[in-house]
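Enquirer: TSV, C-alpha atoms, file data25.tsv:
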chain	number	residue	atom	x	y	z
A	5	MET	CA	49.94	7.82	54.47
A	6	VAL	CA	48.04	9.52	51.71
A	7	LYS	CA	44.76	7.82	51.00
A	8	ARG	CA	44.34	7.27	47.30
A	9	SER	CA	40.90	7.46	45.81
A	10	GLY	CA	40.00	4.84	43.20
A	11	ARG	CA	37.73	7.43	41.62
A	12	ARG	CA	40.35	9.95	40.43
A	13	PRO	CA	40.64	10.11	36.65
A	14	GLY	CA	44.03	8.36	36.09
A	15	ASN	CA	44.20	6.27	32.97
A	16	GLN	CA	40.61	5.36	32.22
A	17	ASP	CA	41.53	2.71	29.66
A	18	THR	CA	43.76	0.93	32.14
A	19	ARG	CA	41.11	1.12	34.85
A	20	SER	CA	38.49	-0.26	32.48
A	21	SER	CA	40.76	-3.10	31.38
A	22	ILE	CA	41.41	-4.03	34.99
A	23	LEU	CA	37.71	-3.94	35.86
A	24	ASP	CA	36.83	-6.10	32.83
A	25	ALA	CA	39.55	-8.57	33.76
A	26	ALA	CA	38.32	-8.59	37.34
A	27	ARG	CA	34.74	-9.37	36.27
A	28	ARG	CA	35.92	-12.22	34.07
A	29	THR	CA	38.23	-13.65	36.71
A	30	PHE	CA	35.82	-13.36	39.63
A	31	ALA	CA	33.06	-14.99	37.56
A	32	GLU	CA	35.30	-17.81	36.30
A	33	LYS	CA	37.31	-18.65	39.41
A	34	GLY	CA	35.06	-17.37	42.16
A	35	TYR	CA	36.06	-14.66	44.61
A	36	ASP	CA	38.28	-16.77	46.84
A	37	LYS	CA	40.42	-18.20	44.06
A	38	ALA	CA	40.68	-15.02	42.01
A	39	SER	CA	44.00	-13.31	42.81
A	40	ILE	CA	45.08	-9.76	42.07
A	41	ARG	CA	47.99	-11.35	40.23
A	42	ALA	CA	45.70	-13.35	37.94
A	43	ILE	CA	43.50	-10.31	37.29
A	44	ALA	CA	46.55	-8.18	36.50
A	45	GLY	CA	47.82	-10.91	34.14
A	46	ASP	CA	44.46	-11.01	32.37
A	47	ALA	CA	44.48	-7.22	32.01
A	48	GLY	CA	48.14	-7.20	30.89
A	49	VAL	CA	49.28	-4.87	33.65
A	50	ASP	CA	51.53	-5.09	36.68
A	51	PRO	CA	49.79	-6.29	39.89
A	52	ALA	CA	51.16	-3.21	41.65
A	53	LEU	CA	49.07	-1.07	39.34
A	54	VAL	CA	45.92	-2.95	40.33
A	55	HIS	CA	46.71	-2.31	44.00
A	56	HIS	CA	47.49	1.28	43.18
A	57	TYR	CA	44.15	1.89	41.48
A	58	PHE	CA	41.86	-0.23	43.60
A	59	GLY	CA	43.54	-1.16	46.89
A	60	THR	CA	42.50	-4.56	48.20
A	61	LYS	CA	40.93	-7.47	46.32
A	62	GLU	CA	37.69	-6.73	48.14
A	63	LYS	CA	37.67	-3.12	47.02
A	64	LEU	CA	38.41	-4.21	43.47
A	65	PHE	CA	35.50	-6.62	43.63
A	66	LEU	CA	33.12	-3.93	44.88
A	67	ALA	CA	34.31	-1.64	42.06
A	68	ALA	CA	33.91	-4.42	39.47
A	69	MET	CA	30.34	-4.99	40.67
A	70	ASN	CA	29.58	-1.25	40.66
A	71	ALA	CA	28.42	-1.86	44.21
A	72	PRO	CA	26.94	1.38	45.53
A	73	ILE	CA	27.42	0.29	49.13
A	74	ASN	CA	29.93	-1.73	51.11
A	75	PRO	CA	28.22	-4.56	52.97
A	76	GLY	CA	31.37	-4.95	55.03
A	77	GLU	CA	30.55	-1.69	56.75
A	78	LEU	CA	26.78	-2.01	56.90
A	79	ILE	CA	26.26	-5.59	58.04
A	80	PRO	CA	28.16	-5.61	61.33
A	81	GLN	CA	26.41	-2.38	62.25
A	82	ALA	CA	22.96	-3.75	61.39
A	83	LEU	CA	23.48	-7.07	63.08
A	84	SER	CA	25.00	-5.88	66.31
A	85	GLY	CA	22.36	-5.61	69.02
A	86	PRO	CA	19.88	-8.02	70.55
A	87	ARG	CA	19.95	-11.30	68.68
A	88	GLU	CA	16.18	-11.75	68.89
A	89	GLN	CA	15.70	-8.59	66.79
A	90	ALA	CA	18.16	-9.52	64.05
A	91	GLY	CA	15.38	-10.28	61.55
A	92	ASP	CA	13.76	-6.92	62.11
A	93	ARG	CA	17.08	-5.08	61.83
A	94	LEU	CA	18.03	-6.93	58.65
A	95	ILE	CA	14.79	-5.90	56.91
A	96	ARG	CA	15.26	-2.31	58.04
A	97	LEU	CA	18.82	-2.31	56.71
A	98	VAL	CA	17.79	-3.66	53.31
A	99	LEU	CA	14.93	-1.19	52.96
A	100	SER	CA	16.94	1.80	54.13
A	101	VAL	CA	19.67	1.08	51.57
A	102	TRP	CA	17.28	0.35	48.71
A	103	ASP	CA	14.99	3.28	49.47
A	104	SER	CA	18.01	5.62	49.50
A	105	PRO	CA	19.67	7.17	46.41
A	106	ALA	CA	22.13	4.24	46.44
A	107	GLY	CA	19.13	2.02	45.77
A	108	THR	CA	18.90	3.16	42.16
A	109	ALA	CA	22.44	1.98	41.52
A	110	ALA	CA	21.82	-1.19	43.53
A	111	LEU	CA	18.77	-1.92	41.40
A	112	ALA	CA	20.78	-1.50	38.20
A	113	MET	CA	23.45	-3.84	39.57
A	114	PHE	CA	20.86	-6.41	40.64
A	115	ARG	CA	19.05	-6.27	37.28
A	116	SER	CA	22.12	-6.63	35.15
A	117	ALA	CA	23.35	-9.43	37.39
A	118	LEU	CA	20.13	-11.38	36.98
A	119	SER	CA	20.13	-11.03	33.22
A	120	ASN	CA	22.47	-13.87	32.32
A	121	GLU	CA	24.36	-16.86	33.68
A	122	TRP	CA	27.71	-15.13	33.65
A	123	THR	CA	26.73	-11.99	35.53
A	124	ALA	CA	24.59	-14.05	37.91
A	125	ARG	CA	27.76	-15.90	38.91
A	126	LEU	CA	29.35	-12.57	39.85
A	127	LEU	CA	26.34	-11.64	41.96
A	128	ARG	CA	26.42	-15.06	43.63
A	129	GLU	CA	30.04	-14.46	44.61
A	130	PHE	CA	29.07	-11.05	45.93
A	131	VAL	CA	26.16	-12.38	47.96
A	132	ILE	CA	28.20	-15.24	49.40
A	133	THR	CA	31.45	-13.48	50.21
A	134	GLN	CA	30.34	-9.95	50.96
A	135	ILE	CA	26.96	-10.55	52.57
A	136	LEU	CA	26.24	-14.08	53.81
A	137	ARG	CA	29.69	-14.84	55.15
A	138	ARG	CA	29.67	-11.60	57.13
A	139	ALA	CA	26.13	-12.11	58.37
A	140	VAL	CA	26.96	-15.64	59.54
A	141	ALA	CA	30.03	-14.34	61.34
A	142	GLU	CA	27.94	-11.76	63.21
A	143	LEU	CA	25.11	-14.11	64.15
A	144	VAL	CA	25.65	-17.08	66.38
A	145	LEU	CA	24.49	-20.02	64.28
A	146	ASP	CA	25.08	-23.75	64.55
A	147	PRO	CA	27.87	-24.24	62.00
A	148	ASP	CA	26.08	-27.25	60.49
A	149	GLU	CA	22.94	-25.24	59.95
A	150	ALA	CA	24.44	-21.85	59.10
A	151	PRO	CA	24.78	-22.44	55.33
A	152	LEU	CA	21.14	-23.40	54.82
A	153	ARG	CA	19.79	-20.88	57.34
A	154	SER	CA	21.71	-18.02	55.74
A	155	THR	CA	20.61	-18.93	52.22
A	156	LEU	CA	17.01	-19.17	53.45
A	157	VAL	CA	17.34	-15.62	54.76
A	158	ALA	CA	18.71	-14.69	51.34
A	159	THR	CA	15.52	-15.97	49.70
A	160	GLN	CA	13.42	-13.58	51.76
A	161	ILE	CA	15.69	-10.60	51.18
A	162	ALA	CA	16.10	-11.21	47.44
A	163	GLY	CA	12.36	-11.66	47.04
A	164	LEU	CA	11.63	-8.44	48.90
A	165	MET	CA	13.92	-6.64	46.45
A	166	VAL	CA	12.31	-8.23	43.40
A	167	ALA	CA	8.72	-7.67	44.51
A	168	ARG	CA	9.18	-4.12	45.84
A	169	TYR	CA	11.78	-2.60	43.54
A	170	VAL	CA	11.69	-4.59	40.30
A	171	LEU	CA	8.08	-5.72	39.96
A	172	LYS	CA	6.75	-2.88	42.14
A	173	LEU	CA	3.83	-4.98	43.39
A	174	GLU	CA	1.35	-2.88	45.35
A	175	PRO	CA	0.63	-2.31	48.19
A	176	LEU	CA	4.02	-3.81	49.07
A	177	ALA	CA	5.94	-1.32	46.91
A	178	SER	CA	4.52	1.68	48.77
A	179	ALA	CA	4.45	0.16	52.25
A	180	GLY	CA	6.53	1.88	54.91
A	181	ILE	CA	9.60	0.43	56.59
A	182	ASP	CA	7.80	-0.14	59.91
A	183	THR	CA	5.04	-2.10	58.21
A	184	LEU	CA	7.45	-4.32	56.33
A	185	ALA	CA	9.79	-4.84	59.26
A	186	ALA	CA	6.80	-5.91	61.38
A	187	ALA	CA	5.46	-8.20	58.66
A	188	ILE	CA	8.68	-9.77	57.36
A	189	GLY	CA	11.12	-9.46	60.26
A	190	PRO	CA	9.62	-12.40	62.20
A	191	ASN	CA	9.97	-14.66	59.15
A	192	VAL	CA	13.65	-13.82	58.84
A	193	GLN	CA	14.01	-14.44	62.56
A	194	ARG	CA	12.37	-17.83	62.13
A	195	PHE	CA	14.90	-18.78	59.45
A	196	LEU	CA	17.66	-17.89	61.91
A	197	ASP	CA	16.28	-19.40	65.11
A	198	ASP	CA	13.46	-21.87	64.77
A	199	PRO	CA	14.29	-25.45	65.57
A	200	MET	CA	14.18	-26.95	62.13
A	201	PRO	CA	12.48	-30.21	61.19
A	202	GLU	CA	14.73	-33.25	60.98
A	203	VAL	CA	14.56	-33.28	57.22
A	204	PHE	CA	16.21	-29.87	57.30
A	205	LYS	CA	19.49	-31.40	58.39
A	206	SER	CA	19.87	-33.54	55.29
A	207	PRO	CA	19.57	-31.05	52.47
A	208	GLY	CA	19.56	-33.81	49.86
A	209	ALA	CA	16.13	-34.97	51.06
B	12	MET	CA	-15.96	-28.32	17.48
B	13	VAL	CA	-12.46	-28.65	16.16
B	14	LYS	CA	-9.89	-27.39	18.65
B	15	ARG	CA	-7.39	-25.17	16.96
B	16	SER	CA	-3.85	-25.19	18.18
B	17	GLY	CA	-2.07	-21.85	18.45
B	18	ARG	CA	1.15	-23.64	17.67
B	19	ARG	CA	0.46	-24.74	14.09
B	20	PRO	CA	2.67	-22.96	11.55
B	21	GLY	CA	0.14	-20.59	9.93
B	22	ASN	CA	1.57	-17.24	9.00
B	23	GLN	CA	4.57	-16.81	11.29
B	24	ASP	CA	4.98	-13.12	10.48
B	25	THR	CA	1.40	-12.41	11.43
B	26	ARG	CA	1.72	-14.41	14.64
B	27	SER	CA	4.91	-12.55	15.55
B	28	SER	CA	3.36	-9.17	14.83
B	29	ILE	CA	0.42	-10.02	17.03
B	30	LEU	CA	2.67	-11.21	19.87
B	31	ASP	CA	4.81	-8.06	19.64
B	32	ALA	CA	1.70	-5.89	19.68
B	33	ALA	CA	0.37	-7.87	22.63
B	34	ARG	CA	3.59	-7.36	24.63
B	35	ARG	CA	3.54	-3.63	23.94
B	36	THR	CA	-0.14	-3.25	24.76
B	37	PHE	CA	-0.12	-5.37	27.91
B	38	ALA	CA	2.95	-3.49	29.21
B	39	GLU	CA	1.53	-0.07	28.39
B	40	LYS	CA	-2.11	-0.46	29.41
B	41	GLY	CA	-1.89	-3.33	31.87
B	42	TYR	CA	-3.67	-6.64	31.41
B	43	ASP	CA	-7.15	-5.51	32.39
B	44	LYS	CA	-7.28	-2.53	30.04
B	45	ALA	CA	-5.59	-4.20	27.08
B	46	SER	CA	-8.25	-5.42	24.65
B	47	ILE	CA	-7.92	-7.89	21.80
B	48	ARG	CA	-9.25	-5.08	19.62
B	49	ALA	CA	-6.47	-2.70	20.65
B	50	ILE	CA	-3.83	-5.38	20.16
B	51	ALA	CA	-5.22	-6.24	16.72
B	52	GLY	CA	-5.20	-2.55	15.83
B	53	ASP	CA	-1.58	-2.22	16.91
B	54	ALA	CA	-0.64	-5.27	14.85
B	55	GLY	CA	-2.67	-4.07	11.86
B	56	VAL	CA	-4.84	-7.18	11.68
B	57	ASP	CA	-8.48	-8.03	12.20
B	58	PRO	CA	-9.44	-8.89	15.80
B	59	ALA	CA	-10.97	-12.12	14.52
B	60	LEU	CA	-7.52	-13.22	13.40
B	61	VAL	CA	-6.14	-12.69	16.90
B	62	HIS	CA	-8.92	-14.86	18.31
B	63	HIS	CA	-8.30	-17.40	15.58
B	64	TYR	CA	-4.60	-17.71	16.38
B	65	PHE	CA	-4.62	-17.36	20.14
B	66	GLY	CA	-8.12	-17.84	21.50
B	67	THR	CA	-8.84	-15.77	24.61
B	68	LYS	CA	-7.03	-12.69	25.88
B	69	GLU	CA	-5.62	-14.81	28.67
B	70	LYS	CA	-4.17	-17.35	26.25
B	71	LEU	CA	-2.71	-14.56	24.15
B	72	PHE	CA	-1.10	-13.11	27.27
B	73	LEU	CA	0.44	-16.48	28.22
B	74	ALA	CA	1.76	-16.85	24.65
B	75	ALA	CA	3.16	-13.29	24.67
B	76	MET	CA	4.96	-14.05	27.94
B	77	ASN	CA	6.28	-17.38	26.60
B	78	ALA	CA	4.78	-18.80	29.79
B	79	PRO	CA	5.67	-22.50	29.95
B	80	ILE	CA	2.83	-23.23	32.37
B	81	ASN	CA	-0.67	-21.98	32.95
B	82	PRO	CA	-1.10	-20.79	36.53
B	83	GLY	CA	-4.86	-20.85	35.98
B	84	GLU	CA	-4.68	-24.65	35.94
B	85	LEU	CA	-2.02	-25.16	38.59
B	86	ILE	CA	-3.02	-22.75	41.32
B	87	PRO	CA	-6.54	-23.96	42.13
B	88	GLN	CA	-5.19	-27.50	42.23
B	89	ALA	CA	-2.30	-26.57	44.56
B	90	LEU	CA	-4.40	-24.45	46.86
B	91	SER	CA	-7.36	-26.74	47.26
B	92	GLY	CA	-7.03	-28.77	50.45
B	93	PRO	CA	-6.60	-27.93	54.12
B	94	ARG	CA	-6.09	-24.23	54.52
B	95	GLU	CA	-3.46	-24.67	57.24
B	96	GLN	CA	-1.19	-26.43	54.75
B	97	ALA	CA	-1.50	-23.84	51.99
B	98	GLY	CA	2.04	-22.52	52.59
B	99	ASP	CA	3.54	-25.97	52.32
B	100	ARG	CA	1.58	-26.77	49.17
B	101	LEU	CA	2.52	-23.47	47.53
B	102	ILE	CA	6.24	-24.11	48.04
B	103	ARG	CA	5.87	-27.64	46.69
B	104	LEU	CA	4.04	-26.31	43.62
B	105	VAL	CA	6.70	-23.70	42.87
B	106	LEU	CA	9.53	-26.19	43.27
B	107	SER	CA	7.87	-28.93	41.26
B	108	VAL	CA	7.28	-26.55	38.33
B	109	TRP	CA	10.74	-25.00	38.44
B	110	ASP	CA	12.55	-28.29	38.95
B	111	SER	CA	10.70	-29.73	35.92
B	112	PRO	CA	11.70	-29.25	32.26
B	113	ALA	CA	9.27	-26.30	32.14
B	114	GLY	CA	11.53	-24.65	34.71
B	115	THR	CA	14.19	-23.88	32.11
B	116	ALA	CA	11.70	-21.90	30.07
B	117	ALA	CA	10.30	-20.31	33.22
B	118	LEU	CA	13.79	-19.22	34.22
B	119	ALA	CA	14.38	-17.65	30.80
B	120	MET	CA	11.07	-15.80	31.08
B	121	PHE	CA	11.87	-14.64	34.62
B	122	ARG	CA	15.36	-13.46	33.65
B	123	SER	CA	14.31	-11.53	30.59
B	124	ALA	CA	11.44	-10.00	32.53
B	125	LEU	CA	13.74	-8.73	35.28
B	126	SER	CA	16.19	-7.21	32.84
B	127	ASN	CA	14.44	-3.92	32.19
B	128	GLU	CA	11.59	-1.67	33.25
B	129	TRP	CA	9.42	-2.49	30.28
B	130	THR	CA	9.57	-6.27	30.52
B	131	ALA	CA	9.30	-6.08	34.31
B	132	ARG	CA	5.94	-4.38	33.80
B	133	LEU	CA	4.77	-7.37	31.76
B	134	LEU	CA	5.89	-9.75	34.49
B	135	ARG	CA	4.12	-7.64	37.10
B	136	GLU	CA	0.89	-7.93	35.10
B	137	PHE	CA	1.45	-11.68	34.87
B	138	VAL	CA	2.09	-12.07	38.59
B	139	ILE	CA	-0.89	-9.94	39.57
B	140	THR	CA	-3.51	-11.22	37.15
B	141	GLN	CA	-2.47	-14.83	36.59
B	142	ILE	CA	-1.06	-15.73	39.99
B	143	LEU	CA	-1.96	-13.46	42.90
B	144	ARG	CA	-5.55	-12.81	41.90
B	145	ARG	CA	-6.16	-16.53	41.55
B	146	ALA	CA	-4.40	-17.36	44.78
B	147	VAL	CA	-6.42	-14.78	46.68
B	148	ALA	CA	-9.63	-16.19	45.18
B	149	GLU	CA	-8.74	-19.68	46.41
B	150	LEU	CA	-7.65	-18.67	49.89
B	151	VAL	CA	-10.02	-17.10	52.35
B	152	LEU	CA	-8.40	-13.80	53.24
B	153	ASP	CA	-9.72	-10.64	54.86
B	154	PRO	CA	-10.31	-8.44	51.79
B	155	ASP	CA	-8.59	-5.49	53.47
B	156	GLU	CA	-5.50	-7.53	54.14
B	157	ALA	CA	-5.44	-9.73	51.03
B	158	PRO	CA	-3.43	-7.34	48.82
B	159	LEU	CA	-0.56	-6.96	51.26
B	160	ARG	CA	-0.65	-10.59	52.42
B	161	SER	CA	-0.52	-11.90	48.87
B	162	THR	CA	2.34	-9.61	47.86
B	163	LEU	CA	4.23	-10.68	50.99
B	164	VAL	CA	3.83	-14.29	49.86
B	165	ALA	CA	5.12	-13.16	46.46
B	166	THR	CA	8.32	-11.87	48.11
B	167	GLN	CA	9.06	-15.32	49.52
B	168	ILE	CA	8.28	-17.15	46.28
B	169	ALA	CA	10.20	-14.74	44.05
B	170	GLY	CA	13.19	-14.87	46.39
B	171	LEU	CA	13.18	-18.65	46.41
B	172	MET	CA	13.35	-18.57	42.61
B	173	VAL	CA	16.18	-16.02	42.55
B	174	ALA	CA	18.29	-17.73	45.22
B	175	ARG	CA	17.78	-21.31	44.02
B	176	TYR	CA	17.57	-21.00	40.24
B	177	VAL	CA	19.29	-17.74	39.30
B	178	LEU	CA	22.01	-17.30	41.92
B	179	LYS	CA	22.16	-21.03	42.71
B	180	LEU	CA	23.17	-20.42	46.32
B	181	GLU	CA	24.21	-23.64	48.04
B	182	PRO	CA	23.08	-25.64	49.94
B	183	LEU	CA	19.69	-24.15	49.06
B	184	ALA	CA	20.06	-24.85	45.34
B	185	SER	CA	20.54	-28.60	45.90
B	186	ALA	CA	18.12	-29.00	48.79
B	187	GLY	CA	15.19	-31.37	48.25
B	188	ILE	CA	11.57	-30.35	48.04
B	189	ASP	CA	10.72	-31.82	51.48
B	190	THR	CA	13.49	-29.85	53.12
B	191	LEU	CA	12.43	-26.59	51.55
B	192	ALA	CA	8.71	-27.11	52.09
B	193	ALA	CA	9.44	-27.79	55.78
B	194	ALA	CA	11.73	-24.78	56.09
B	195	ILE	CA	9.82	-22.20	54.04
B	196	GLY	CA	6.20	-23.40	54.10
B	197	PRO	CA	5.55	-22.13	57.65
B	198	ASN	CA	6.78	-18.65	56.69
B	199	VAL	CA	4.37	-18.51	53.77
B	200	GLN	CA	1.64	-19.73	56.11
B	201	ARG	CA	2.51	-16.95	58.52
B	202	PHE	CA	2.09	-14.34	55.77
B	203	LEU	CA	-1.36	-15.77	55.10
B	204	ASP	CA	-2.60	-16.29	58.63
B	205	ASP	CA	-0.74	-14.56	61.41
B	206	PRO	CA	-2.55	-11.75	63.10
B	207	MET	CA	-0.60	-8.81	61.84
B	208	PRO	CA	0.63	-5.91	63.95
B	209	GLU	CA	-1.49	-2.77	63.87
B	210	VAL	CA	0.99	-0.95	61.70
B	211	PHE	CA	0.33	-3.59	59.06
B	212	LYS	CA	-3.11	-2.19	58.40
B	213	SER	CA	-1.84	1.21	57.34
B	214	PRO	CA	0.63	0.42	54.58
B	215	GLY	CA	1.74	4.03	54.39
B	216	ALA	CA	3.36	3.74	57.83
Can you give me the file's structure in the form of structure tokens?
Expert:
Amino acid sequence: MVKRSGRRPGNQDTRSSILDAARRTFAEKGYDKASIRAIAGDAGVDPALVHHYFGTKEKLFLAAMNAPINPGELIPQALSGPREQAGDRLIRLVLSVWDSPAGTAALAMFRSALSNEWTARLLREFVITQILRRAVAELVLDPDEAPLRSTLVATQIAGLMVARYVLKLEPLASAGIDTLAAAIGPNVQRFLDDPMPEVFKSPGA
Amino acid sequence: MVKRSGRRPGNQDTRSSILDAARRTFAEKGYDKASIRAIAGDAGVDPALVHHYFGTKEKLFLAAMNAPINPGELIPQALSGPREQAGDRLIRLVLSVWDSPAGTAALAMFRSALSNEWTARLLREFVITQILRRAVAELVLDPDEAPLRSTLVATQIAGLMVARYVLKLEPLASAGIDTLAAAIGPNVQRFLDDPMPEVFKSPGA
């Protein structure tokens, strides 16, 4: 089977229309409820054409987000290994991606996503479906606690990105990966593992 | 002495010119090096007029940032009290401000600040001079470690804002203040207090 690249020229107008329709549909319906069929309908093209250009729904979503990396490949790799070092490995993964050339594109994606309600909804779908869901699947977490634990981890990761790459607060912005993994890794680990106070189990408290 | 309010109508064009000049100057020179004189010069008005409309440099900065709260009033209040509960109190302060009506304005300020390099520089100046510097002054921290410790705390706070108020990740977004203070407070405390690994002391590592 010949592998088709989504990057070849093709009809740029059609590709753009599909990507615009995908952004609208993913933001409005959420990732799970957005279908290739609905996106094709919104773009006024045949669903087969969407598959032809972009492959799976997931690949279309990554293209619509201009995602420079595929968390589906990176997360299992980063999270496999001793469970008690998951926090450390997660920080190293984040820093190695964001310090790499892909980080510039990731920063642009993150910035534009934060800028308004509509694009923030797209980023939320991305974080939930492409990152948190995968991370929860890799880690062994009490199913009742997994949603809050994983979003707590997200606070630490998102804040590291904002402080280091957007605000560029020093000395954090220039600190090396070893320093930050040693400083922040244990906090991520605590979000994953620490017995949580009772109040933790009733999030409405 | 009659207290003059910066909010009275006055000459709106002049006020706007001064605020624009202030944003440019604070972003370009940084808070410490930006003088009322330089801002007045940029706006083409007499420095006395800037003082007349806005009072101190700090008040002008808060007005230029559309800051809905004054960290100079809130931080000492939140951080006074037992040192071993500083993390808990900091999380409660952040949540009580952002969950309040002022939070809507704070969110708008945060969003617009993250959107590009130029406005992010203004927010960095705000975070450093209005928040971190004050927090470090209230807490007793080893001066060598204070800069990294305080920016580590900033990662956790900024990430809590992004995940709860911008991305609205559930169940974090609906969790109560007690839940989040119990879950996140100890991590903030750890950034303040935990003996840090050796590598921590050489941020270039």
Enquirer: How many Å lie between atom CA of Ala82 of chain A and atom CA of Leu178 of chain B, rounded to one decimal?
Expert: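 Atom-to-atom, atom CA of Ala82 of chain A and atom CA of Leu178 of chain B are spaced 23.7 Å apart.
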Enquirer: Between atom CA of Ala42 of chain A and atom CA of Met69 of chain A, what distance in Å does the model show, to one decimal?
Expert: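 Computed distance, atom CA of Ala42 of chain A to atom CA of Met69 of chain A, equals 17.7 Å.
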Enquirer: Please return, as a ChimeraX atom specification, all residues of chain A lying within 8 Å of chain B when all atoms listed in the file are considered.
Expert: /A:115-116,118-121,124-125,127-128,132,151-152,155-156,158-167,170-176,178-184,186-188,191,194-195,200-201,203-204,206-209
Enquirer: Would you compute the distance between atom CA of Pro87 of chain B and atom CA of Leu150 of chain B? Give it in Å to one decimal.
Expert: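 We find that atom CA of Pro87 of chain B and atom CA of Leu150 of chain B lie 9.5 Å from each other.
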Enquirer: So which residues touch Thr108 of chain A within 12 Å, counting all atoms listed in the file, skipping near sequence neighbours fewer than 3 positions away, as a VMD selection string?
Expert: chain A and resid 70 to 73 101 to 105 111 to 115 165 169 to 170
Enquirer: Starting from 6 Å padding per side, set up an axis-aligned box that covers all listed atoms of segment 120-128 of chain B and hand over centre and edge lengths in Å, one decimal, as lines of an AutoDock Vina configuration file.
Expert:
center_x = 13.6
center_y = -8.7
center_z = 32.9
size_x = 17.1
size_y = 26.1
size_z = 16.7
Enquirer: Out of B:Glu95, B:Asp204, B:Glu69, B:Asp153, which residue has the shortest atom-to-atom distance to Phe37 of chain B when counting all atoms listed in the file?
Expert: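 Distance minimum relative to Phe37 of chain B lands on B:Glu69.
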Enquirer: For Val61 of chain B, which residue among B:Thr140, B:Glu84, B:Leu30, B:Pro154 is the nearest when counting all atoms listed in the file?
Expert: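 Closest candidate: B:Leu30.
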Enquirer: For Ser100 of chain A, which residue out of A:Leu78, A:Ser21, A:Gly85, A:His56 is the nearest one, using only C-alpha atoms?
Expert: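 Ranked by minimum distance to Ser100 of chain A, first place goes to A:Leu78.
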Enquirer: Which residue gives the smallest distance to Gly189 of chain A among A:Ile135, A:Val98, A:Leu66, A:Asp92, with all atoms listed in the file counted?
Expert: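 Closest to Gly189 of chain A of all the choices is A:Asp92.
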